[in-house]
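Enquirer: Take this structure first; my questions come after.
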Amino acid sequence: MENMLSKISEAVKFLKQQDFRNAEAGIVLGTGLNSFIQQMRVEKAVAYKDIPHFPMATVEFHKGQLIFGWVGEKKVIAMLGRFHYYEGYDMQEITFPIRVLKELGIQYLLLSNAAGGINKIYKKGDLVLIDDHINLLPSNPLRGLSDPAFGNRFVDMSEPYDQKLGNLISQSAISFFEVLKHGVYASVSGPNLETRAEYRYLQRIGADLVGMSTVPEVIVANQMKLPCAAVSVVTDECDPDHLQPVDISEIIAVAEQADKKLSRIFEKVIFDYQG
């Protein structure tokens, strides 16, 4: 895996030449969740296609840009769009940007996604802090990485989501009088949505939410000892006994409605975080 290490090094070198330096926070903005950029004082935006060895964003509603700027007095790097297994990428390609962000010096990682709400108490537009996850993806981003430069390959996942960050997110939500729910996120390969039987299966194994991202990024963050937290926006209600057809445009519309609430919460977390 020396080749992967050299690719990370080349991407980092390029981005440092673009002045992507000394950022404290890294943020991954999921489907329909772009308004956080409006909370930033943007200094630089680089298209993924221009960064050495970065995958290309193939999902039309993911803009595919790395953004560098300020939130208050703190430097931030934001990924405007992420990569997914269903696009045809392997897990190491999907998580390549997270490794690059860590090498650029970020101290913690905030992730967001759009997810289906399996728990019947969830409603469209709800924000859910992910407490834990179930990995149902067919591969693992640590597979084959035996070089100790990547970190311990047998990563402990007893607490994959950082409690300090989670508490800050909860406190920030309270300060804006927002109701923040908690739950377990199941990650599946997609891109199709689930059948009624699959939703019942997910309920029975303990999932509150289902989506097609985030977990590979969290696994790699834990390998690199990078504190991380994740929030889902519930974009559709997945009650197998009352299941309604869902269109991706509806999912994006619901995510966009909740986006400003989540962006305010993340902004306050960045203001309040003390490493």
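Here, A, B, ... name the chains of the structure tokens in the order displayed, residue numbers run from 1 inside each chain, and ligands are numbered from 1 in the same displayed order.
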Report as JSON lines the residues of segment 16-135 of chain A within 8 Å of segment 172-182 of chain A, each with its shortest atom pair and distance in Å (one decimal), using only C-alpha atoms, ordered by chain and increasing residue number.
Expert:
{"residue": "A:Asp126", "atom": "CA", "partner": "A:Leu180", "partner_atom": "CA", "distance": 7.4}
{"residue": "A:Leu127", "atom": "CA", "partner": "A:Leu180", "partner_atom": "CA", "distance": 5.4}
{"residue": "A:Val128", "atom": "CA", "partner": "A:Lys181", "partner_atom": "CA", "distance": 4.5}
{"residue": "A:Leu129", "atom": "CA", "partner": "A:His182", "partner_atom": "CA", "distance": 4.8}
{"residue": "A:Ile130", "atom": "CA", "partner": "A:His182", "partner_atom": "CA", "distance": 5.9}
{"residue": "A:Asp131", "atom": "CA", "partner": "A:His182", "partner_atom": "CA", "distance": 6.3}
Enquirer: Gly72 of chain A: which residues within 9 Å, counting only C-alpha atoms, same-chain residues fewer than 3 positions away excluded, as a list of chain:residue names?
Expert: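 After dropping sequence-adjacent residues, the list is A:Met40, A:Arg41, A:Lys75, A:Glu267, A:Ile270, A:Phe271.
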Enquirer: Identify, with DSSP run on backbone atoms, the residues in segment 47-257 of chain A assigned to strand (DSSP E), and express the list as a PyMOL selection string.
Expert: chain A and resi 47+65-71+74-80+108-117+127-135+180-187+209-211+228-237
Enquirer: List every residue of segment 18-215 of chain A that DSSP, applied to the backbone, labels as helix (DSSP H, G or I), and write the result as number ranges by chain.
Expert: A: 35-39, 48-50, 85-87, 91-103, 148-150, 163-175, 196-204, 215
Enquirer: Considering only C-alpha atoms, return as a ChimeraX atom specification whatever protein or nucleic-acid residues lie within 8 Å of Val233 of chain A, sequence-local ones (same chain, fewer than 6 positions apart) excluded.
Expert: /A:112-115,124-128,255,258
Enquirer: Find the residues around Ser35 of chain A up to 8 Å (only C-alpha atoms counted), leave out those fewer than 2 positions away in its own chain, and share them as a count of residues only.
Expert: 7
Enquirer: May I have the residues within 7 Å of Val12 of chain A as a list in words, using only C-alpha atoms and disregarding those fewer than 3 positions away in the same chain?
Expert: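 That gives Ile8, Ser9, Leu15, Lys16, Val100, Glu103 and Leu104 of chain A.
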Enquirer: Write out the residues from the selection above, keeping C-alpha atoms, as a compact mmCIF listing (two decimals), in the first residue's frame.
Expert:
# COMPACT_ATOMS: atom_id res chain seq x y z
CA ILE A 8 -2.11 10.84 -0.09
CA SER A 9 1.19 12.73 0.06
CA LEU A 15 -3.68 21.32 -1.37
CA LYS A 16 -1.04 22.96 0.82
CA VAL A 100 -6.02 13.68 3.21
CA GLU A 103 -2.80 14.92 6.96
CA LEU A 104 -3.78 18.55 6.36
Enquirer: Please measure the separation of atom CA of Ser187 of chain A and atom CA of Asp50 of chain A, giving the value in Å to one decimal.
Expert: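 Separating atom CA of Ser187 of chain A from atom CA of Asp50 of chain A is a distance of 29.0 Å.
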Enquirer: Just to confirm, what's the straight-line distance from atom CA of Gln257 of chain A to atom CA of Ala229 of chain A in Å (one decimal)?
Expert: 21.3 Å
Enquirer: Considering only C-alpha atoms, state which residue in the set A:Val234, A:Ala57, A:Leu165, A:Leu262 is at the smallest distance from Tyr89 of chain A.
Expert: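 Nearest candidate to Tyr89 of chain A out of A:Val234, A:Ala57, A:Leu165, A:Leu262: A:Ala57.
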Enquirer: So which residues touch Arg82 of chain A within 9 Å, counting only C-alpha atoms, skipping near sequence neighbours fewer than 4 positions away, as a list in words?
Expert: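 The residues that qualify are Val28, Leu29, Gly30, Thr31, Ala57, Val59, His62, Lys63, Gly64, Ile94, Pro97 and Ser213 of chain A.
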Enquirer: Between atom CA of Ile118 of chain A and atom CA of Glu256 of chain A, what is the distance in Å, rounded to a tenth?
Expert: 20.1 Å
